[in-house]
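Quick look at entry_34.txt (compact mmCIF, C-alpha atoms and all ligand atoms):
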# COMPACT_ATOMS: atom_id res chain seq x y z
CA MET A 1324 57.36 -60.04 4.95
CA ALA A 1325 60.29 -57.80 4.28
CA GLY A 1326 57.88 -54.98 5.04
CA VAL A 1327 57.59 -56.39 8.53
CA ALA A 1328 61.33 -56.26 8.72
CA LEU A 1329 61.19 -52.68 7.63
CA ARG A 1330 58.56 -51.48 10.03
CA SER A 1331 61.18 -50.02 12.32
CA CYS A 1332 63.09 -48.56 9.41
CA ALA A 1333 61.75 -45.04 9.71
CA ALA A 1334 63.08 -44.00 6.33
CA TRP A 1335 60.57 -46.29 4.73
CA ARG A 1336 57.63 -44.50 6.25
CA LEU A 1337 55.65 -42.70 3.65
CA GLY A 1338 56.36 -39.18 4.81
CA GLN A 1339 60.06 -39.79 4.80
CA ILE A 1340 60.23 -41.31 1.40
CA THR A 1341 58.35 -38.26 0.16
CA ARG A 1342 61.00 -36.04 1.68
CA MET A 1343 63.74 -38.33 0.45
CA VAL A 1344 62.61 -38.35 -3.15
CA GLY A 1345 61.32 -34.81 -3.01
CA SER A 1346 64.55 -33.40 -1.64
CA SER A 1347 66.60 -35.17 -4.27
CA ILE A 1348 64.48 -33.53 -6.84
CA VAL A 1349 64.27 -30.11 -5.31
CA HIS A 1350 67.88 -29.72 -4.21
CA ARG A 1351 69.96 -31.64 -6.66
CA VAL A 1352 68.80 -30.15 -9.92
CA GLN A 1353 71.70 -29.39 -12.19
CA VAL A 1354 70.07 -28.91 -15.52
CA HIS A 1355 72.08 -27.35 -18.34
CA THR A 1356 71.31 -23.68 -18.70
CA THR A 1357 71.24 -23.76 -22.47
CA SER A 1358 68.09 -22.28 -23.95
CA SER A 1359 68.08 -24.54 -26.99
CA PRO A 1360 65.16 -26.95 -27.02
CA LEU A 1361 65.84 -30.52 -26.01
CA MET A 1362 64.55 -33.28 -28.24
CA GLY A 1363 61.44 -33.81 -26.13
CA ALA A 1364 60.70 -31.44 -23.29
CA THR A 1365 62.62 -28.18 -23.19
CA VAL A 1366 64.81 -27.20 -20.24
CA GLU A 1367 62.15 -24.67 -19.38
CA GLN A 1368 59.44 -27.31 -19.38
CA PHE A 1369 61.61 -29.53 -17.25
CA GLU A 1370 62.17 -26.70 -14.75
CA GLN A 1371 58.45 -25.98 -14.69
CA ALA A 1372 57.65 -29.62 -14.08
CA LYS A 1373 60.15 -29.68 -11.23
CA ASN A 1374 58.52 -26.62 -9.66
CA LYS A 1375 55.06 -28.06 -10.09
CA LEU A 1376 56.13 -31.18 -8.22
CA SER A 1377 56.57 -29.24 -5.01
CA THR A 1378 53.05 -27.78 -5.33
CA LEU A 1379 51.28 -31.15 -5.41
CA LYS A 1380 48.82 -31.52 -2.57
CA ASN A 1381 48.12 -35.25 -2.76
CA ASP A 1382 50.66 -37.95 -2.06
CA PRO A 1383 50.89 -39.98 -5.28
CA GLY A 1384 52.21 -43.10 -3.53
CA ASN A 1385 55.64 -44.63 -3.30
CA GLU A 1386 55.59 -46.33 -6.71
CA VAL A 1387 55.04 -43.03 -8.45
CA LYS A 1388 57.53 -41.19 -6.29
CA LEU A 1389 60.17 -43.74 -7.12
CA LYS A 1390 59.36 -43.37 -10.79
CA ILE A 1391 59.72 -39.61 -10.48
CA TYR A 1392 63.02 -40.05 -8.69
CA ALA A 1393 64.31 -42.46 -11.34
CA LEU A 1394 63.26 -40.25 -14.24
CA PHE A 1395 64.87 -37.25 -12.58
CA LYS A 1396 68.16 -39.08 -12.13
CA GLN A 1397 68.06 -40.38 -15.67
CA SER A 1398 67.23 -36.91 -17.00
CA THR A 1399 70.05 -35.19 -15.20
CA GLN A 1400 72.75 -37.89 -14.94
CA GLY A 1401 71.91 -40.45 -17.62
CA PRO A 1402 71.80 -44.23 -17.06
CA CYS A 1403 72.56 -45.54 -13.59
CA ASN A 1404 76.20 -46.56 -13.29
CA THR A 1405 76.66 -46.21 -9.55
CA PRO A 1406 77.47 -49.32 -7.44
CA LYS A 1407 74.50 -51.28 -6.19
CA PRO A 1408 73.74 -50.54 -2.50
CA GLY A 1409 73.92 -53.45 -0.04
CA MET A 1410 70.88 -55.60 0.80
CA LEU A 1411 70.40 -53.85 4.16
CA ASP A 1412 70.48 -50.40 2.68
CA PHE A 1413 66.79 -50.74 1.86
CA VAL A 1414 65.97 -47.22 0.82
CA ASN A 1415 68.94 -46.67 -1.45
CA LYS A 1416 68.56 -50.14 -2.95
CA VAL A 1417 64.96 -49.46 -3.92
CA LYS A 1418 65.93 -46.07 -5.37
CA TRP A 1419 68.85 -47.62 -7.21
CA ASP A 1420 66.61 -50.39 -8.59
CA ALA A 1421 64.12 -47.81 -9.85
CA TRP A 1422 66.81 -45.79 -11.61
CA LYS A 1423 68.55 -48.89 -12.96
CA SER A 1424 65.25 -50.19 -14.35
CA LEU A 1425 65.24 -47.31 -16.84
CA GLY A 1426 68.17 -48.96 -18.61
CA SER A 1427 69.54 -46.94 -21.48
CA LEU A 1428 66.58 -44.58 -21.81
CA SER A 1429 67.99 -41.35 -23.25
CA GLN A 1430 68.13 -38.23 -21.10
CA GLU A 1431 65.84 -36.46 -23.54
CA ASP A 1432 63.21 -39.19 -23.34
CA ALA A 1433 63.56 -39.30 -19.57
CA ARG A 1434 62.92 -35.54 -19.38
CA GLN A 1435 59.87 -35.93 -21.57
CA GLN A 1436 58.53 -38.75 -19.42
CA TYR A 1437 59.28 -36.77 -16.28
CA CYS A 1438 57.31 -33.79 -17.61
CA ASP A 1439 54.45 -36.04 -18.74
CA LEU A 1440 54.26 -37.75 -15.36
CA ILE A 1441 54.25 -34.52 -13.35
CA GLY A 1442 51.74 -33.11 -15.83
CA SER A 1443 49.40 -36.03 -15.30
CA LEU A 1444 49.71 -35.68 -11.51
CA VAL A 1445 48.89 -32.00 -11.67
CA GLN A 1446 45.98 -32.74 -13.96
CA ALA A 1447 44.70 -35.45 -11.62
CA GLU A 1448 44.57 -32.90 -8.83
CA GLY A 1449 42.39 -30.66 -10.92
CA GLY A 1450 39.26 -32.46 -9.72
CA SER A 1451 39.81 -36.16 -10.24
CA SER A 1452 40.69 -38.36 -7.30
CA THR A 1453 41.75 -41.30 -9.45
CA PRO A 1454 45.01 -42.79 -8.18
CA VAL A 1455 47.93 -42.18 -10.49
CA ALA A 1456 49.89 -45.32 -9.61
CA ALA A 1457 49.90 -47.89 -12.36
CA GLN A 1458 47.38 -50.68 -11.93
CA PRO A 1459 48.60 -54.25 -12.24
CA ALA A 1460 48.02 -55.58 -15.71
CA GLY A 1461 45.00 -57.80 -15.77
CA SER A 1462 44.59 -58.11 -19.48
CA SER A 1463 44.19 -61.51 -21.00
CA THR A 1464 46.80 -60.93 -23.66
CA ALA A 1465 49.61 -58.73 -22.40
CA TYR A 1466 51.51 -59.67 -19.27
CA ASN A 1467 54.61 -58.06 -17.82
CA THR A 1468 55.76 -60.97 -15.69
CA LEU A 1469 54.44 -64.00 -17.58
CA LEU A 1470 54.69 -65.56 -21.00
CA VAL A 1471 51.32 -67.08 -21.82
CA THR A 1472 51.01 -69.14 -25.00
CA THR A 1473 48.52 -71.61 -26.42
CA GLU A 1474 49.67 -74.35 -28.76
CA ASP A 1475 48.57 -77.92 -29.45
CA ASP A 1476 45.58 -77.49 -27.12
CA ILE A 1477 47.88 -76.59 -24.24
CA THR A 1478 47.96 -73.20 -22.57
CA THR A 1479 51.32 -72.58 -20.96
CA ILE A 1480 51.79 -70.02 -18.21
CA LYS A 1481 55.51 -69.40 -17.87
CA LEU A 1482 56.79 -67.32 -14.94
CA ASN A 1483 59.13 -64.89 -16.60
CA ARG A 1484 61.45 -63.16 -14.13
CA PRO A 1485 64.47 -65.44 -14.52
CA ALA A 1486 66.93 -62.86 -13.13
CA LYS A 1487 65.00 -62.96 -9.85
CA LYS A 1488 64.50 -66.73 -9.95
CA ASN A 1489 60.85 -66.09 -10.86
CA ALA A 1490 60.04 -64.67 -7.43
CA ILE A 1491 56.36 -63.72 -7.37
CA THR A 1492 55.74 -59.99 -7.12
CA THR A 1493 52.35 -58.48 -6.36
CA GLU A 1494 52.00 -57.76 -10.04
CA MET A 1495 52.82 -61.37 -10.87
CA TYR A 1496 50.25 -62.69 -8.37
CA ASN A 1497 47.62 -60.58 -10.09
CA GLU A 1498 48.75 -61.63 -13.53
CA ILE A 1499 48.70 -65.32 -12.64
CA ILE A 1500 45.17 -64.95 -11.29
CA ALA A 1501 44.18 -63.26 -14.56
CA ALA A 1502 45.96 -65.89 -16.69
CA LEU A 1503 44.23 -68.70 -14.80
CA GLU A 1504 40.84 -67.04 -15.25
CA GLN A 1505 41.56 -66.73 -18.97
CA ALA A 1506 42.82 -70.31 -19.31
CA ALA A 1507 39.75 -71.61 -17.48
CA LYS A 1508 37.63 -70.15 -20.27
CA ASP A 1509 39.74 -70.91 -23.33
CA ASP A 1510 39.54 -73.97 -25.59
CA CYS A 1511 42.73 -75.63 -24.43
CA VAL A 1512 42.67 -79.10 -22.91
CA LEU A 1513 45.57 -78.70 -20.48
CA THR A 1514 47.00 -75.74 -18.60
CA VAL A 1515 50.70 -75.93 -17.81
CA PHE A 1516 52.77 -73.93 -15.34
CA THR A 1517 56.52 -73.61 -15.69
CA GLY A 1518 59.37 -71.17 -15.10
CA ALA A 1519 61.82 -69.34 -17.37
CA GLY A 1520 65.54 -69.88 -16.71
CA ASP A 1521 67.15 -72.25 -14.22
CA PHE A 1522 64.58 -71.92 -11.43
CA TYR A 1523 60.94 -72.92 -11.35
CA CYS A 1524 60.15 -70.25 -8.77
CA SER A 1525 61.72 -68.81 -5.59
CA GLY A 1526 58.34 -68.13 -3.96
CA ASN A 1527 57.03 -64.87 -2.66
CA ASP A 1528 59.16 -61.90 -3.74
CA LEU A 1529 60.50 -60.54 -0.48
CA THR A 1530 60.45 -56.99 -1.77
CA ASN A 1531 56.64 -57.10 -1.99
CA PHE A 1532 56.57 -56.05 1.59
CA THR A 1533 58.85 -53.08 1.25
CA LYS A 1534 55.92 -51.24 -0.29
CA ILE A 1535 54.18 -50.32 2.92
CA PRO A 1536 50.88 -48.50 2.41
CA GLU A 1537 49.89 -45.46 4.42
CA GLY A 1538 47.94 -47.69 6.82
CA GLY A 1539 51.19 -49.33 7.94
CA VAL A 1540 52.31 -52.92 8.34
CA GLU A 1541 48.88 -54.14 9.51
CA LEU A 1542 47.25 -52.88 6.33
CA MET A 1543 50.06 -54.34 4.24
CA ALA A 1544 49.54 -57.74 5.92
CA LYS A 1545 45.78 -57.52 5.39
CA GLN A 1546 46.16 -56.66 1.70
CA GLY A 1547 48.79 -59.37 1.25
CA GLY A 1548 46.44 -61.86 2.88
CA GLU A 1549 43.55 -60.94 0.60
CA LEU A 1550 45.75 -61.30 -2.47
CA LEU A 1551 47.03 -64.68 -1.29
CA ARG A 1552 43.47 -65.88 -0.58
CA LYS A 1553 42.41 -64.91 -4.11
CA TYR A 1554 45.54 -66.47 -5.60
CA VAL A 1555 45.07 -69.87 -3.95
CA LYS A 1556 41.34 -69.77 -4.68
CA ALA A 1557 42.15 -69.51 -8.39
CA TYR A 1558 43.95 -72.90 -8.17
CA ILE A 1559 41.24 -74.53 -6.03
CA ASP A 1560 38.52 -73.51 -8.49
CA PHE A 1561 40.46 -74.21 -11.68
CA PRO A 1562 38.16 -76.43 -13.77
CA LYS A 1563 40.59 -78.19 -16.12
CA PRO A 1564 43.67 -80.38 -15.68
CA LEU A 1565 46.52 -78.29 -14.28
CA VAL A 1566 50.08 -79.48 -14.84
CA ALA A 1567 53.31 -78.22 -13.22
CA VAL A 1568 56.46 -78.62 -15.31
CA VAL A 1569 58.99 -78.01 -12.55
CA ASN A 1570 62.10 -77.06 -14.49
CA GLY A 1571 64.33 -76.28 -11.47
CA PRO A 1572 64.29 -75.52 -7.74
CA ALA A 1573 60.97 -74.48 -6.24
CA VAL A 1574 60.48 -72.52 -3.01
CA GLY A 1575 57.60 -71.42 -0.79
CA VAL A 1576 54.20 -70.81 -2.33
CA SER A 1577 55.26 -72.35 -5.64
CA VAL A 1578 55.68 -75.64 -3.74
CA THR A 1579 52.66 -75.44 -1.47
CA VAL A 1580 50.13 -75.02 -4.29
CA LEU A 1581 51.47 -78.16 -5.99
CA GLY A 1582 49.00 -80.17 -3.92
CA LEU A 1583 46.28 -78.48 -6.00
CA PHE A 1584 47.80 -79.55 -9.35
CA ASP A 1585 46.72 -82.67 -11.22
CA LEU A 1586 50.17 -83.64 -12.52
CA VAL A 1587 53.60 -82.52 -11.34
CA TYR A 1588 56.54 -83.37 -13.59
CA ALA A 1589 59.99 -82.48 -12.30
CA THR A 1590 63.52 -82.44 -13.61
CA GLU A 1591 65.90 -84.40 -11.38
CA ARG A 1592 67.58 -81.02 -10.70
CA ALA A 1593 64.47 -79.66 -8.98
CA THR A 1594 64.24 -79.26 -5.21
CA PHE A 1595 61.20 -78.50 -3.07
CA HIS A 1596 61.62 -76.18 -0.11
CA THR A 1597 59.11 -74.51 2.20
CA PRO A 1598 61.20 -72.57 4.74
CA PHE A 1599 58.26 -71.11 6.66
CA SER A 1600 59.36 -71.49 10.26
CA GLN A 1601 62.82 -70.30 9.26
CA LEU A 1602 61.07 -67.10 8.20
CA GLY A 1603 58.70 -66.94 11.19
CA GLN A 1604 55.77 -67.69 8.91
CA SER A 1605 53.29 -70.54 8.45
CA ALA A 1606 52.03 -72.80 5.69
CA GLU A 1607 49.81 -71.64 2.80
CA GLY A 1608 48.53 -72.88 -0.55
CA CYS A 1609 46.35 -75.43 1.33
CA SER A 1610 49.53 -77.37 2.11
CA SER A 1611 48.56 -77.71 5.78
CA TYR A 1612 45.84 -80.01 4.46
CA THR A 1613 47.17 -81.42 1.16
CA PHE A 1614 50.70 -82.28 2.34
CA PRO A 1615 49.72 -84.48 5.32
CA LYS A 1616 47.13 -86.10 3.08
CA LEU A 1617 49.67 -86.81 0.35
CA MET A 1618 52.68 -87.84 2.43
CA GLY A 1619 51.46 -88.43 5.98
CA ALA A 1620 51.72 -86.06 8.92
CA ALA A 1621 55.28 -86.96 9.88
CA LYS A 1622 56.81 -86.24 6.46
CA ALA A 1623 54.63 -83.15 5.97
CA SER A 1624 55.83 -81.79 9.30
CA GLU A 1625 59.44 -82.24 8.26
CA MET A 1626 58.75 -79.96 5.30
CA LEU A 1627 56.27 -77.47 6.73
CA LEU A 1628 57.62 -77.15 10.28
CA PHE A 1629 61.26 -78.06 9.98
CA ASN A 1630 62.09 -76.65 6.54
CA LYS A 1631 63.34 -79.92 5.06
CA LYS A 1632 64.29 -79.41 1.43
CA LEU A 1633 63.32 -82.41 -0.72
CA THR A 1634 65.06 -83.62 -3.83
CA ALA A 1635 62.85 -84.35 -6.82
CA VAL A 1636 63.15 -88.07 -6.20
CA GLN A 1637 62.16 -87.69 -2.54
CA ALA A 1638 59.21 -85.49 -3.50
CA CYS A 1639 58.14 -88.16 -5.98
CA GLU A 1640 58.40 -90.90 -3.37
CA LEU A 1641 56.18 -88.83 -1.08
CA GLY A 1642 53.52 -88.28 -3.72
CA LEU A 1643 54.03 -84.56 -4.25
CA VAL A 1644 55.60 -85.16 -7.67
CA THR A 1645 54.12 -87.45 -10.33
CA GLU A 1646 57.34 -88.33 -12.14
CA VAL A 1647 60.99 -87.27 -12.30
CA PHE A 1648 62.93 -86.99 -15.56
CA PRO A 1649 66.65 -86.67 -16.33
CA ASP A 1650 67.52 -83.01 -16.77
CA SER A 1651 68.97 -83.58 -20.26
CA THR A 1652 65.72 -85.01 -21.65
CA PHE A 1653 63.26 -83.29 -19.32
CA GLN A 1654 61.72 -80.82 -21.78
CA SER A 1655 61.44 -83.22 -24.73
CA GLU A 1656 60.03 -86.11 -22.70
CA VAL A 1657 57.56 -84.00 -20.79
CA TRP A 1658 56.23 -82.08 -23.77
CA THR A 1659 55.86 -85.24 -25.86
CA ARG A 1660 53.83 -86.71 -23.03
CA LEU A 1661 51.71 -83.58 -22.58
CA LYS A 1662 50.98 -83.20 -26.28
CA ALA A 1663 49.67 -86.76 -26.32
CA TYR A 1664 47.51 -86.11 -23.23
CA ALA A 1665 46.14 -82.96 -24.82
CA LYS A 1666 44.62 -85.09 -27.59
CA LEU A 1667 42.31 -86.78 -25.09
CA PRO A 1668 38.67 -85.62 -25.10
CA ARG A 1669 38.55 -82.18 -23.51
CA ASN A 1670 35.23 -82.48 -21.68
CA SER A 1671 35.91 -85.94 -20.36
CA LEU A 1672 39.18 -84.74 -18.83
CA ALA A 1673 37.69 -81.59 -17.32
CA LEU A 1674 34.66 -83.37 -15.89
CA SER A 1675 36.78 -86.14 -14.43
CA LYS A 1676 39.07 -83.61 -12.78
CA GLN A 1677 36.06 -81.80 -11.34
CA LEU A 1678 34.71 -85.09 -9.95
CA ILE A 1679 37.98 -85.81 -8.21
CA ARG A 1680 38.36 -82.30 -6.76
CA SER A 1681 34.76 -81.24 -6.07
CA VAL A 1682 34.43 -83.49 -3.03
CA GLU A 1683 37.11 -81.43 -1.33
CA LYS A 1684 36.42 -77.95 -2.63
CA ASP A 1685 34.61 -76.57 0.42
CA ARG A 1686 37.25 -77.97 2.71
CA LEU A 1687 40.05 -76.47 0.62
CA HIS A 1688 38.44 -73.04 0.71
CA ALA A 1689 38.11 -73.31 4.49
CA VAL A 1690 41.75 -74.37 4.78
CA ASN A 1691 42.79 -71.46 2.55
CA ASP A 1692 40.85 -69.02 4.78
CA ALA A 1693 42.44 -70.40 7.94
CA GLU A 1694 45.96 -70.32 6.50
CA VAL A 1695 45.53 -66.74 5.29
CA GLU A 1696 44.27 -65.65 8.70
CA ARG A 1697 47.28 -67.21 10.41
CA LEU A 1698 49.76 -65.74 7.92
CA THR A 1699 48.27 -62.27 8.17
CA GLU A 1700 48.97 -62.43 11.89
CA ARG A 1701 52.46 -63.92 11.31
CA TRP A 1702 53.47 -61.07 8.98
CA THR A 1703 53.08 -58.61 11.85
CA SER A 1704 54.81 -60.79 14.46
CA ASP A 1705 58.20 -60.26 16.09
CA GLU A 1706 59.23 -63.78 15.07
CA CYS A 1707 58.72 -62.93 11.44
CA PHE A 1708 60.43 -59.58 11.85
CA ASN A 1709 63.51 -61.18 13.41
CA ALA A 1710 63.67 -64.02 10.86
CA VAL A 1711 63.46 -61.66 7.94
CA MET A 1712 66.12 -59.39 9.39
CA SER A 1713 68.38 -62.46 9.67
CA PHE A 1714 67.73 -63.31 6.03
CA PHE A 1715 68.71 -59.85 4.84
CA GLN A 1716 71.75 -59.76 7.13
CA ALA A 1717 72.91 -63.12 5.76
CA LYS A 1718 72.55 -61.84 2.21
CA ALA A 1719 74.37 -58.61 3.04
CA LYS A 1720 77.38 -60.58 4.32
CA LEU A 1721 77.75 -62.51 1.03
N1 LIG A 1801 62.39 -62.44 -3.32
C1 LIG A 1801 63.10 -61.40 -3.80
N2 LIG A 1801 64.22 -61.52 -4.51
C2 LIG A 1801 64.63 -62.78 -4.76
C3 LIG A 1801 63.95 -63.90 -4.31
C4 LIG A 1801 62.78 -63.70 -3.55
N3 LIG A 1801 62.05 -64.72 -3.09
N4 LIG A 1801 64.61 -64.99 -4.74
C5 LIG A 1801 65.67 -64.56 -5.44
N5 LIG A 1801 65.68 -63.23 -5.44
C6 LIG A 1801 66.64 -62.36 -6.10
C7 LIG A 1801 67.92 -62.23 -5.29
O1 LIG A 1801 67.79 -61.24 -4.27
C8 LIG A 1801 68.88 -61.84 -6.38
O2 LIG A 1801 68.65 -60.48 -6.69
P1 LIG A 1801 69.91 -59.51 -7.07
O3 LIG A 1801 70.48 -60.08 -8.33
O4 LIG A 1801 69.27 -58.16 -7.23
O5 LIG A 1801 70.84 -59.61 -5.88
C9 LIG A 1801 68.40 -62.63 -7.60
O6 LIG A 1801 67.04 -62.95 -7.33
C10 LIG A 1801 69.16 -63.93 -7.81
O7 LIG A 1801 69.10 -64.69 -6.59
P2 LIG A 1801 70.40 -65.22 -5.80
O8 LIG A 1801 70.09 -65.27 -4.35
O9 LIG A 1801 71.60 -64.43 -6.23
O10 LIG A 1801 70.50 -66.69 -6.43
P3 LIG A 1801 70.95 -68.02 -5.69
O11 LIG A 1801 70.94 -69.06 -6.74
O12 LIG A 1801 72.19 -67.81 -4.90
O13 LIG A 1801 69.78 -68.32 -4.61
C11 LIG A 1801 67.55 -68.59 -3.83
C12 LIG A 1801 68.45 -68.47 -5.05
C13 LIG A 1801 66.11 -68.67 -4.32
C14 LIG A 1801 67.89 -69.87 -3.05
C15 LIG A 1801 67.76 -67.38 -2.88
O14 LIG A 1801 67.68 -66.20 -3.64
C16 LIG A 1801 66.74 -67.31 -1.78
O15 LIG A 1801 66.87 -67.99 -0.77
N6 LIG A 1801 65.70 -66.49 -1.97
C17 LIG A 1801 64.65 -66.34 -1.00
C18 LIG A 1801 63.65 -67.46 -1.14
C19 LIG A 1801 62.54 -67.32 -0.13
O16 LIG A 1801 62.78 -67.27 1.07
N7 LIG A 1801 61.31 -67.23 -0.62
C20 LIG A 1801 60.17 -67.06 0.21
C21 LIG A 1801 59.75 -68.38 0.70
S1 LIG A 1801 58.39 -68.24 1.85
Do you think you could lay out the structure here as structure tokens?
Amino acid sequence: MAGVALRSCAAWRLGQITRMVGSSIVHRVQVHTTSSPLMGATVEQFEQAKNKLSTLKNDPGNEVKLKIYALFKQSTQGPCNTPKPGMLDFVNKVKWDAWKSLGSLSQEDARQQYCDLIGSLVQAEGGSSTPVAAQPAGSSTAYNTLLVTTEDDITTIKLNRPAKKNAITTEMYNEIIAALEQAAKDDCVLTVFTGAGDFYCSGNDLTNFTKIPEGGVELMAKQGGELLRKYVKAYIDFPKPLVAVVNGPAVGVSVTVLGLFDLVYATERATFHTPFSQLGQSAEGCSSYTFPKLMGAAKASEMLLFNKKLTAVQACELGLVTEVFPDSTFQSEVWTRLKAYAKLPRNSLALSKQLIRSVEKDRLHAVNDAEVERLTERWTSDECFNAVMSFFQAKAKL
């Protein structure tokens, strides 16, 4: 979505970011002239790596270019201490984020990583066409954005980006799909979703769309649509009881998929907000079907068309939430309840869930397809572009 907002921001076009990052690297090198070896790469190796960068024939993609930029800055200037650029200064904010993400990595280690990265790019051009950009983690055990644990016959998938209110990045979408696939196969009785920190989830990470592929905004929308289709499908097809432990406010897609959960427990502090029209978008997560079914068309329209934010109690009255708990006892009450439920016979629970849901499966897949098609179109619309620009402008004024 933010990518739509950025489509007129020429600096974000691939060629320009190449020049932007490339020029920083080529023109701003101020490496010490000492000939003594550094701890990792030597100054000479660093200089060689820098020269090799300008000889690369293939564009390694924005992710890699940002990594190169960040490692270069860290190598030559140390950890990022410059003020954070404003929300509307997209290019510098993304560069700043990349540099900042290196934390306290030493300059020596940064130089070594810089040399290794350029080396691997050069090597990749020696015949292999394999993309260098990191692939999203899909492993069943190690996740970057989730904490997945199994205890007492319960697998818990905890969204783990509390500093960003658990906004769902592309990587996180892929990891959740992988975690659901894994949980579907494991021996646990229940699968629980929750969030780290004070939010359950703030929905789609708006920066997902700042990574515009070479094919432009249309390709970005198409790829985003395919990922969303796969993501929602993973919930529709999930074969065991799925429980949401909504530990705080929930926004966007984290709310819409709740209609596909079997139990939704919420702290009284939680709110439920789907600001789609505000953002020039449209409903997803099968909510265009599940919400009217759960709460009636009039109440569903208030949420999905008119952006009404529900309190936990209101969401419970409308059937979206199973039960609301006081915030002070939320975790202890909910987990006591879930541990007791997890002692019920595994197969009986799974088969009963499947009976309840199977009647609707084909319809849900069709709804998912239709919603994705509509959203893919929305992401390239002027309405969406204008709404997203307003969002960033409002943030910039804060
Ligand atoms: N995408 C990207 N970043 C997000 C985000 C999202 N959906 N939600 C929160 N963040 C980031 C903020 O930009 C901020 O980053 P920063 O520290 O680098 O500035 C950080 O998370 C903390 O959020 P902040 O806005 O400071 O917290 P808040 O308590 O004032 O507000 C929200 C929280 C969720 C209400 C607000 O961030 C928001 O409205 N986010 C957008 C939600 C949205 O529209 N989602 C898509 C729905 S379709």
Near-ligand residues for ligand LIG 1801 (chain A), threshold 6 Å, only C-alpha atoms and all ligand atoms, as number ranges by chain: A: 1486-1488, 1490, 1525-1530, 1574-1575, 1598-1599
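From CA of Asp1432 in chain A back to CA of Val1417 in chain A, the distance works out to 22.0 Å.
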Neighbour list for Asp1692 in chain A as a PyMOL selection string, cut-off 12 Å, only C-alpha atoms, skip fewer than 3 positions in-chain: chain A and resi 1548-1556+1606-1609+1611+1685-1689+1695-1699
Please dump the current selection as a PDB file, keeping the file's coordinate frame; keep C-alpha atoms.
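Writing the result to part_18.pdb gives the following:
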ATOM      1  CA  GLY A1548      46.440 -61.860   2.880  1.00  0.00           C
ATOM      2  CA  GLU A1549      43.550 -60.940   0.600  1.00  0.00           C
ATOM      3  CA  LEU A1550      45.750 -61.300  -2.470  1.00  0.00           C
ATOM      4  CA  LEU A1551      47.030 -64.680  -1.290  1.00  0.00           C
ATOM      5  CA  ARG A1552      43.470 -65.880  -0.580  1.00  0.00           C
ATOM      6  CA  LYS A1553      42.410 -64.910  -4.110  1.00  0.00           C
ATOM      7  CA  TYR A1554      45.540 -66.470  -5.600  1.00  0.00           C
ATOM      8  CA  VAL A1555      45.070 -69.870  -3.950  1.00  0.00           C
ATOM      9  CA  LYS A1556      41.340 -69.770  -4.680  1.00  0.00           C
ATOM     10  CA  ALA A1606      52.030 -72.800   5.690  1.00  0.00           C
ATOM     11  CA  GLU A1607      49.810 -71.640   2.800  1.00  0.00           C
ATOM     12  CA  GLY A1608      48.530 -72.880  -0.550  1.00  0.00           C
ATOM     13  CA  CYS A1609      46.350 -75.430   1.330  1.00  0.00           C
ATOM     14  CA  SER A1611      48.560 -77.710   5.780  1.00  0.00           C
ATOM     15  CA  ASP A1685      34.610 -76.570   0.420  1.00  0.00           C
ATOM     16  CA  ARG A1686      37.250 -77.970   2.710  1.00  0.00           C
ATOM     17  CA  LEU A1687      40.050 -76.470   0.620  1.00  0.00           C
ATOM     18  CA  HIS A1688      38.440 -73.040   0.710  1.00  0.00           C
ATOM     19  CA  ALA A1689      38.110 -73.310   4.490  1.00  0.00           C
ATOM     20  CA  VAL A1695      45.530 -66.740   5.290  1.00  0.00           C
ATOM     21  CA  GLU A1696      44.270 -65.650   8.700  1.00  0.00           C
ATOM     22  CA  ARG A1697      47.280 -67.210  10.410  1.00  0.00           C
ATOM     23  CA  LEU A1698      49.760 -65.740   7.920  1.00  0.00           C
ATOM     24  CA  THR A1699      48.270 -62.270   8.170  1.00  0.00           C
TER      25      THR A1699
END
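Within 10 Å of the point (59.9, -62.8, -14.0), counting all atoms listed in the file, the protein and nucleic acid residues come to Asn1467, Thr1468, Leu1469, Leu1470, Lys1481, Leu1482, Asn1483, Arg1484, Pro1485, Ala1486, Lys1487, Lys1488, Asn1489, Ala1490, Ile1491, Thr1492, Met1495, Gly1518, Ala1519, Gly1520 and Cys1524 of chain A.
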Padding of 8 Å on every side, edges along x, y and z, all listed atoms of range 1654-1673 of chain A included: what centre and edge lengths in Å, to one decimal, does that box have, as JSON?
{"center_x": 48.5, "center_y": -83.8, "center_z": -22.5, "size_x": 42.5, "size_y": 22.0, "size_z": 26.3}
CA of Gln1604 in chain A to CA of Val1711 in chain A, straight-line distance in Å: 9.8 Å
Polymer residues at most 6 Å from range 1390-1405 of chain A, all atoms listed in the file, same-chain spacing of 2 or more positions, as a VMD selection string: chain A and resid 1344 1387 to 1388 1421 to 1423 1427 1430 1433 to 1434 1437
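Relative to CA of Leu1542 in chain A, CA of Trp1702 in chain A is found at 10.6 Å.
Among the candidate residues A:Leu1583, A:Ile1535, A:Leu1376, A:Met1712, the one lying nearest to Asn1691 in chain A is A:Leu1583, with distances computed using only C-alpha atoms.
Between Leu1440 in chain A and the residues A:Val1587, A:Ala1506, A:Leu1389, A:Leu1678, the shortest atom-to-atom distance, using only C-alpha atoms, involves A:Leu1389.
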Exercise: range 1619-1623 of chain A partners within 12 Å, all atoms listed in the file, chain neighbours under 4 positions left out, as a PyMOL selection string: chain A and resi 1579+1582+1596-1597+1606+1610-1615+1627-1633+1637-1638+1640-1643
Nearest-residue call for Leu1586 in chain A, choices A:Leu1513, A:Ala1673, A:Ala1544, A:Ala1557, using only C-alpha atoms: A:Leu1513
Minimum-distance residue to Cys1438 in chain A, chosen among A:Glu1370, A:Glu1474, A:Asp1510, A:Asp1705 (using all atoms listed in the file): A:Glu1370
